[in-house]
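Structure record follows, encoded as structure tokens.
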Amino acid sequence: MDDAAARLLAFRYMTTTTRRAPDVYRWCRRLLGHRDRARDCNALWSDAFDLLAVLIADSETFAAGIARRVAVAERAAKFDQDRTGVAA
């Protein structure tokens with residue numbers, strides 16, 4: 001996946017996930033083989049976004065998993081919007 005598509009998918013994941021930035025950051029670091037650190041709890045979305053975009057661009061399998069999660073979240077949001085008639 002090219003860099004622009006990876007960054008777009010990472011952004012879509014960030015806007016649909018219920019996870020916090022430090023959780024996503026720790027998850028990405030663990031996937032890269034790093035251990036958790038105490039200061040990881042101070043991670044911002046920009047930190048998580050950078051790692052997430054790299055992982056998505058590097059692995060088609062990881063990208064497919066993230067795309068599935070985004071599709072499910074967007075579908076659930078659309079269903080909820082249609083059901084209640086109110087945008088989220």
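Numbering starts fresh at 1 for the residues of each chain in the structure tokens, the chains themselves are lettered A, B, ... in the order given, and ligands are numbered from 1 as they appear.
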Legend entry - Residues near Ala43 of chain A, cut-off 10 Å, only C-alpha atoms, skip fewer than 5 positions along chain, as a VMD selection string: chain A and resid 20 to 26 48
Write the residues of the selection above to a file with C-alpha atoms, as a PDB file, in the first residue's frame.
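Once everything was written out, this is out37.pdb:
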```pdb
ATOM      1  CA  ARG A  20      -7.463   5.912  23.341  1.00  0.00           C
ATOM      2  CA  ALA A  21      -4.281   7.213  21.717  1.00  0.00           C
ATOM      3  CA  PRO A  22      -1.914   5.682  24.310  1.00  0.00           C
ATOM      4  CA  ASP A  23      -3.584   2.287  23.842  1.00  0.00           C
ATOM      5  CA  VAL A  24      -3.141   2.392  20.068  1.00  0.00           C
ATOM      6  CA  TYR A  25       0.437   3.625  20.488  1.00  0.00           C
ATOM      7  CA  ARG A  26       1.311   0.765  22.891  1.00  0.00           C
ATOM      8  CA  ALA A  48      -0.016   6.705  17.291  1.00  0.00           C
TER       9      ALA A  48
END
```
Inset, instruction - Between A:Tyr13, A:Thr18, A:Leu32, A:Asp47, single out the one closest to Ser59 of chain A, counting only C-alpha atoms. - result: A:Leu32
Inset, instruction - DSSP on the backbone, then: every residue of segment 7-62 of chain A marked alpha helix (DSSP H), written as a ChimeraX atom specification. - result: /A:7-16,21-31,45-58,60-62
Inset, instruction - Could you check which of A:Leu8, A:Thr17, A:Glu60, A:Asp3 is closest to Ala76 of chain A, using only C-alpha atoms? - result: A:Thr17
Which residues are close to Ala67 of chain A, i.e. within 12 Å by only C-alpha atoms, leaving aside same-chain residues fewer than 5 positions away? Reply as a PDB file with N, CA, C and O atoms, in the first residue's frame.
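Dumped to out_11.pdb:
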```
ATOM      1  N   ALA A   5      -2.346   6.234   0.869  1.00  0.00           N
ATOM      2  CA  ALA A   5      -3.453   5.335   1.217  1.00  0.00           C
ATOM      3  C   ALA A   5      -3.304   4.826   2.649  1.00  0.00           C
ATOM      4  O   ALA A   5      -4.290   4.690   3.380  1.00  0.00           O
ATOM      5  N   ALA A   6      -2.078   4.554   3.060  1.00  0.00           N
ATOM      6  CA  ALA A   6      -1.832   4.090   4.427  1.00  0.00           C
ATOM      7  C   ALA A   6      -2.190   5.180   5.435  1.00  0.00           C
ATOM      8  O   ALA A   6      -2.805   4.903   6.473  1.00  0.00           O
ATOM      9  N   LEU A   8      -4.336   7.633   4.985  1.00  0.00           N
ATOM     10  CA  LEU A   8      -5.789   7.799   4.971  1.00  0.00           C
ATOM     11  C   LEU A   8      -6.464   6.709   5.800  1.00  0.00           C
ATOM     12  O   LEU A   8      -7.374   6.991   6.586  1.00  0.00           O
ATOM     13  N   LEU A   9      -6.028   5.468   5.643  1.00  0.00           N
ATOM     14  CA  LEU A   9      -6.608   4.368   6.417  1.00  0.00           C
ATOM     15  C   LEU A   9      -6.312   4.548   7.906  1.00  0.00           C
ATOM     16  O   LEU A   9      -7.180   4.302   8.752  1.00  0.00           O
ATOM     17  N   ALA A  10      -5.121   4.991   8.246  1.00  0.00           N
ATOM     18  CA  ALA A  10      -4.778   5.243   9.646  1.00  0.00           C
ATOM     19  C   ALA A  10      -5.682   6.341  10.221  1.00  0.00           C
ATOM     20  O   ALA A  10      -6.168   6.225  11.352  1.00  0.00           O
ATOM     21  N   PHE A  11      -5.929   7.384   9.453  1.00  0.00           N
ATOM     22  CA  PHE A  11      -6.812   8.456   9.905  1.00  0.00           C
ATOM     23  C   PHE A  11      -8.237   7.950  10.102  1.00  0.00           C
ATOM     24  O   PHE A  11      -8.885   8.254  11.103  1.00  0.00           O
ATOM     25  N   ARG A  12      -8.722   7.157   9.143  1.00  0.00           N
ATOM     26  CA  ARG A  12     -10.072   6.600   9.270  1.00  0.00           C
ATOM     27  C   ARG A  12     -10.171   5.704  10.499  1.00  0.00           C
ATOM     28  O   ARG A  12     -11.190   5.710  11.188  1.00  0.00           O
ATOM     29  N   TYR A  13      -9.107   4.941  10.796  1.00  0.00           N
ATOM     30  CA  TYR A  13      -9.108   4.097  11.986  1.00  0.00           C
ATOM     31  C   TYR A  13      -9.168   4.970  13.246  1.00  0.00           C
ATOM     32  O   TYR A  13      -9.924   4.670  14.163  1.00  0.00           O
ATOM     33  N   MET A  14      -8.392   6.030  13.265  1.00  0.00           N
ATOM     34  CA  MET A  14      -8.365   6.914  14.432  1.00  0.00           C
ATOM     35  C   MET A  14      -9.733   7.538  14.686  1.00  0.00           C
ATOM     36  O   MET A  14     -10.114   7.740  15.837  1.00  0.00           O
ATOM     37  N   THR A  16     -12.662   6.227  13.942  1.00  0.00           N
ATOM     38  CA  THR A  16     -13.728   5.261  14.209  1.00  0.00           C
ATOM     39  C   THR A  16     -13.483   4.409  15.441  1.00  0.00           C
ATOM     40  O   THR A  16     -14.410   3.776  15.932  1.00  0.00           O
ATOM     41  N   THR A  17     -12.273   4.371  15.955  1.00  0.00           N
ATOM     42  CA  THR A  17     -11.981   3.495  17.082  1.00  0.00           C
ATOM     43  C   THR A  17     -12.455   4.109  18.399  1.00  0.00           C
ATOM     44  O   THR A  17     -12.525   5.331  18.537  1.00  0.00           O
ATOM     45  N   ILE A  56       0.681  -0.034   8.559  1.00  0.00           N
ATOM     46  CA  ILE A  56      -0.270  -0.278   7.477  1.00  0.00           C
ATOM     47  C   ILE A  56       0.448  -0.322   6.134  1.00  0.00           C
ATOM     48  O   ILE A  56       0.182  -1.189   5.305  1.00  0.00           O
ATOM     49  N   GLU A  60       0.441  -5.740   4.205  1.00  0.00           N
ATOM     50  CA  GLU A  60      -0.882  -5.833   3.575  1.00  0.00           C
ATOM     51  C   GLU A  60      -1.868  -6.561   4.479  1.00  0.00           C
ATOM     52  O   GLU A  60      -3.053  -6.230   4.513  1.00  0.00           O
ATOM     53  N   THR A  61      -1.397  -7.548   5.220  1.00  0.00           N
ATOM     54  CA  THR A  61      -2.266  -8.293   6.133  1.00  0.00           C
ATOM     55  C   THR A  61      -2.770  -7.383   7.249  1.00  0.00           C
ATOM     56  O   THR A  61      -3.958  -7.388   7.584  1.00  0.00           O
ATOM     57  N   PHE A  62      -1.866  -6.608   7.831  1.00  0.00           N
ATOM     58  CA  PHE A  62      -2.257  -5.660   8.878  1.00  0.00           C
ATOM     59  C   PHE A  62      -3.213  -4.620   8.311  1.00  0.00           C
ATOM     60  O   PHE A  62      -4.218  -4.276   8.945  1.00  0.00           O
ATOM     61  N   VAL A  72     -16.411  -2.126   9.674  1.00  0.00           N
ATOM     62  CA  VAL A  72     -17.399  -2.530  10.680  1.00  0.00           C
ATOM     63  C   VAL A  72     -17.841  -1.330  11.509  1.00  0.00           C
ATOM     64  O   VAL A  72     -19.038  -1.141  11.752  1.00  0.00           O
ATOM     65  N   ALA A  73     -16.902  -0.511  11.943  1.00  0.00           N
ATOM     66  CA  ALA A  73     -17.232   0.664  12.753  1.00  0.00           C
ATOM     67  C   ALA A  73     -18.071   1.665  11.965  1.00  0.00           C
ATOM     68  O   ALA A  73     -19.032   2.233  12.489  1.00  0.00           O
ATOM     69  N   GLU A  74     -17.726   1.882  10.702  1.00  0.00           N
ATOM     70  CA  GLU A  74     -18.492   2.813   9.878  1.00  0.00           C
ATOM     71  C   GLU A  74     -19.886   2.283   9.603  1.00  0.00           C
ATOM     72  O   GLU A  74     -20.859   3.036   9.586  1.00  0.00           O
TER      73      GLU A  74
END
```
Legend entry - Interatomic distance (Å, one decimal) between atom CA of Trp27 of chain A and atom CA of Leu55 of chain A: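 Rounded to one decimal, the two atoms are 11.0 Å apart.
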Inset, instruction - Rank A:Arg68, A:Arg75, A:Arg37, A:Arg7 by their smallest atom-to-atom distance to Phe49 of chain A, using only C-alpha atoms, and report the top residue only. - result: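 For Phe49 of chain A, the nearest of the candidates is A:Arg7.
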Inset, instruction - Provide the atom CA of Asp2 of chain A to atom CA of Ala57 of chain A distance in Å, to one decimal place. - result: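 Atom CA of Asp2 of chain A sits 6.2 Å away from atom CA of Ala57 of chain A.
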